[in-house]
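Enquirer: This is the structure, below, for whatever I ask next.
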Protein chains: 2
Amino acid sequence: MHHSATIRDIAQRLEISVSTVSRALRDTHDVSPFTRKKVMSVAAELNYKPNYNAAALAKGKTYNIGIVLPFITNHYFSSVVTGIYQVANHHGYTTTVYMTGDIPRKELSILSTLSGSVLDGVLICSSLSAQHECYFKNITGSGIPVVFFDRAADISNTSRVLHDDISGAYEAVTHLIKNGYTKVAHITGPGDLMFTRRRLEGYISGLVANNIPVRKEWIIHSAFTQEAGTEDTFRLLNLEEKPDAIFAVNDRKAIGALIALKEKNILPGNEFGVAGFTNDPAAAIISPSLTTIEEPGFDIGRESCELLVKHMKKKKYSAEEKILTGRLIIRESSNRM
Amino acid sequence: MHHSATIRDIAQRLEISVSTVSRALRDTHDVSPFTRKKVMSVAAELNYKPNYNAAALAKGKTYNIGIVLPFITNHYFSSVVTGIYQVANHHGYTTTVYMTGDIPRKELSILSTLSGSVLDGVLICSSLSAQHECYFKNITGSGIPVVFFDRAADISNTSRVLHDDISGAYEAVTHLIKNGYTKVAHITGPGDLMFTRRRLEGYISGLVANNIPVRKEWIIHSAFTQEAGTEDTFRLLNLEEKPDAIFAVNDRKAIGALIALKEKNILPGNEFGVAGFTNDPAAAIISPSLTTIEEPGFDIGRESCELLVKHMKKKKYSAEEKILTGRLIIRESSNRM
DNA sequence: GTGAAAGCGCTAACAT
DNA sequence: ATGTTAGCGCTTTCAC
């Protein structure tokens, strides 16, 4: 492995100074077109590749953006990362993904390693149960621009890009009611999470807006898994007063509900309405296909990064909040024929 | 944004030299336990964070691994990335993902920016149509260790981690035949790709091993999409001599086939066998559920990274090839009741 | 066991 | 428009 070419090599070859080479390479003004041309050609000839570490060290800028999130193995998160990646790239930034596994302890340890020497800004989707201010003090207090996405911490004066859970849930519930399902239950996740609370809120306001009483026994909190969705549904079907529709906090649980219904020989769509949230690819493929609220992961990624780039450009910036609205995708699971 | 603490700050505070601090921090021998303790405590007090750029510059090592692949928005690739990430992290490396969008031109441009100043090693899953040696000369000739995964270039003397497509396809086809489907067709992708060729090879040898003649009209090349799978299936069903089973090159196309069959009121499983390849989450959720060969993306990621780390540790290493075998997952689409 | 000093490759004043 | 020079923060000989 031969030592790769540096600006010094180019300078010596051309018998000019390194600073001129540096300027020429970066297309700064104050360098003659002729010199630039020579520099470029020698650079190409020597297969020169800039040393970004050296540049980062000298400039105090890394041109790297950190992404901290639970994991990437679902469609939603991988879409967000892709959206971020595209915008970052477009602005000349690389990205480094840090996966917390949704484990607060791990998230904390990751956040504690992050610093300006390794990134210029960071995008965070915090672990489910780690959304307390103190977790992020380290990073929010460091002067590094931070934008939260999807799951934001309740921190004042930090930017965030969120999905409109309340209106999404409201829309899903209203849709079910309009289709004649008046006894809408809600199966959801642990109650202490912001987006869980918001979807519940939207669910309730959807009922209220349609003069339908809210029944506590029709709201079930459990895990975010397909299996939990199935179990929740069985529980609902065993109630004396059964619901005739389910709005699930996410598609996984909604799919679990569909499976439970099939097992009980209840036809989703005609007899029983089901709506989910996210628009996972599986929602379109399962039979009956699943009505859901689409979460625009890709756009959330793009907007988050756009906002972060904006923050990184100014020394002083003020927090912004962006709310993206998903659309209702009507499929078989809520459609009476 | 106050300038963050450096080893100099620690050294001054303790009135010792920076080299001692550097050694203490890195847990090198030749530093007294007492000094180390003091250094550590002051470091914690000042909230010292190492500047990795400076370290990388001084050491000529970046402790960063590059991952070049088409995209991450499917379950398989995101699993691979997760596997890589875990192993990399475990060995103290960060990872940087570069998405080519499966566009050779973009892949080439990404590869041309990669150099030792930015990463210590790189894992590549090349674009579909870019698998020619010249594309990778730049990087394979640079002295940076490279490991190809999943889609390898036909380059001698480079390490790669692959899935055993041939035996997987063979197993799927054999399974269909054992279940009584003797007229097995194959719907696949463009013919010039290595893994496409290999699955075709496995398909053919599965037929041959069971004394079933290979029919050219039962092998259809088209795009890797669900829609193409549906169209291919319609074409097969319109043949004079219809097949009674389909082995698809991937789950997307297999799911397309299931949809075509449903539309024609043909019951997959009982009347018509279908098997896919990958084990996408959708395969378990679709109804009837899809028999498939599981591609162990997570393990492929882990093995690839493990191999790369091994290469990065030695100055001189020799290429290795690892082949992972997926298992057959039998579901409803191939199961006569 | 610790310190002094050179240097990694690049940038950015400051000169000219 | 170009050159000189002093770092950026860390590692690493080489002394002692």
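By order of appearance in the structure tokens: chains A, B, ..., then residues from 1 within every chain, and ligands from 1 in the order shown.
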Residues of chain B within 8 Å of chain A, counting only C-alpha atoms - could you list those as number ranges by chain?
Expert: B: 1-2, 49-54, 56-57, 71-75, 78-79, 82, 94-97, 113, 115, 117-118, 142-144, 281-282, 285-287
Enquirer: Stretch 4-6 of chain C: which residues within 12 Å, counting only C-alpha atoms (C1' of nucleotides), same-chain residues fewer than 3 positions away excluded, as a list in words?
Expert: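 Once the nearby chain positions are removed, what remains is Ile16, Ser17, Val18, Ser19, Thr20 and Ala58 of chain B; DT11, DT12, DT13, DC14, DA15 and DC16 of chain D.
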Enquirer: Output as a PyMOL selection string all residues of stretch 125-305 of chain B that backbone DSSP marks as strand (DSSP E or B).
Expert: chain B and resi 146-149+159-163+184-188+219-221+245-248+268+272-278+291-294
Enquirer: What separation in Å, quoted to one decimal, exists between atom CA of A:Lys242 and atom CA of A:Glu217?
Expert: 9.9 Å
Enquirer: Skipping near chain neighbours, those fewer than 3 positions away, what residues fall within 6 Å of B:Phe149 using only C-alpha atoms (C1' of nucleotides), listed as a PDB file with C-alpha atoms, in the first residue's frame?
Expert:
ATOM      1  CA  CYS B 125     -22.644  -5.291  -2.705  1.00  0.00           C
ATOM      2  CA  ALA B 152     -19.843 -10.143  -5.886  1.00  0.00           C
ATOM      3  CA  ARG B 160     -16.589 -12.517  -0.699  1.00  0.00           C
ATOM      4  CA  VAL B 161     -19.471 -13.752   1.363  1.00  0.00           C
ATOM      5  CA  LEU B 162     -22.260 -15.244  -0.636  1.00  0.00           C
TER       6      LEU B 162
END
Enquirer: Could you please tell me, as a list in words, which residues of chain C have an atom within 8 Å of chain A when using only C-alpha atoms (C1' of nucleotides)?
Expert: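 In the required form, that comes to DC8, DG9, DC10 and DT11 of chain C.
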Enquirer: Create the file for the chosen residues now, containing N, CA and C atoms (P, O5', C5', C4', C3', O3' and C1' of nucleotides) and written as an mmCIF file, in the first residue's frame.
Expert:
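Final file, result15.cif:
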data_model
loop_
_atom_site.group_PDB
_atom_site.id
_atom_site.type_symbol
_atom_site.label_atom_id
_atom_site.label_comp_id
_atom_site.auth_asym_id
_atom_site.auth_seq_id
_atom_site.Cartn_x
_atom_site.Cartn_y
_atom_site.Cartn_z
ATOM 1 P P DC C 8 4.560 13.899 8.112
ATOM 2 O "O5'" DC C 8 3.149 13.176 7.953
ATOM 3 C "C5'" DC C 8 2.845 11.953 8.601
ATOM 4 C "C4'" DC C 8 1.355 11.935 8.931
ATOM 5 C "C3'" DC C 8 0.544 12.758 7.945
ATOM 6 O "O3'" DC C 8 0.047 11.879 6.928
ATOM 7 C "C1'" DC C 8 -0.102 13.185 10.248
ATOM 8 P P DG C 9 0.381 12.156 5.405
ATOM 9 O "O5'" DG C 9 -0.679 13.263 5.000
ATOM 10 C "C5'" DG C 9 -2.051 12.933 5.031
ATOM 11 C "C4'" DG C 9 -2.865 14.200 4.976
ATOM 12 C "C3'" DG C 9 -2.593 15.079 3.748
ATOM 13 O "O3'" DG C 9 -3.834 15.292 3.101
ATOM 14 C "C1'" DG C 9 -2.530 16.360 5.743
ATOM 15 P P DC C 10 -4.005 16.345 1.950
ATOM 16 O "O5'" DC C 10 -4.570 17.570 2.777
ATOM 17 C "C5'" DC C 10 -5.820 17.414 3.443
ATOM 18 C "C4'" DC C 10 -6.091 18.617 4.307
ATOM 19 C "C3'" DC C 10 -6.262 19.922 3.526
ATOM 20 O "O3'" DC C 10 -7.629 20.312 3.582
ATOM 21 C "C1'" DC C 10 -4.881 20.184 5.461
ATOM 22 P P DT C 11 -8.078 21.596 2.823
ATOM 23 O "O5'" DT C 11 -7.911 22.711 3.949
ATOM 24 C "C5'" DT C 11 -8.683 22.603 5.133
ATOM 25 C "C4'" DT C 11 -8.438 23.801 6.022
ATOM 26 C "C3'" DT C 11 -8.753 25.156 5.396
ATOM 27 O "O3'" DT C 11 -9.498 25.883 6.363
ATOM 28 C "C1'" DT C 11 -6.552 25.160 6.232
#
Enquirer: Write out as a ChimeraX atom specification every residue belonging to chain D that has an atom at most 12 Å from any atom of chain A, counting only C-alpha atoms (C1' of nucleotides).
Expert: /D:1-10
Enquirer: Record the distance separating atom CA of B:Ala24 and atom CA of B:Arg36, expressed in Å with one decimal.
Expert: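 Separation of atom CA of B:Ala24 and atom CA of B:Arg36: 4.9 Å.
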Enquirer: Env of B:Arg199: 8 Å cut, atoms = only C-alpha atoms (C1' of nucleotides), seq-sep filter 3 positions within chain, self excluded. Answer as a PyMOL selection string.
Expert: chain B and resi 165-166+168-170+195-196+202-203+249
Enquirer: Could you pull out the helix (DSSP H, G or I) residues of stretch 25-168 of chain A, going by DSSP on the backbone, and write them as a VMD selection string?
Expert: chain A and resid 25 33 to 45 52 to 59 75 to 90 104 to 113 133 to 140 165 to 168
Enquirer: If we count only C-alpha atoms (C1' of nucleotides), what is near stretch 274-277 of chain A at a cut-off of 6 Å, once residues fewer than 3 positions away on the same chain are taken out, given as a list in words?
Expert: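 The residues that qualify are Ala245, Ile246, Phe247, Ala248, Val249, Asn250, Asp251, Ala254, Thr291, Thr292, Ile293, Ser333 and Ser334 of chain A.
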Enquirer: Any idea what the distance is between atom CA of A:Tyr317 and atom CA of A:Pro145?
Expert: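 Atom-to-atom, atom CA of A:Tyr317 to atom CA of A:Pro145, that is 8.8 Å.
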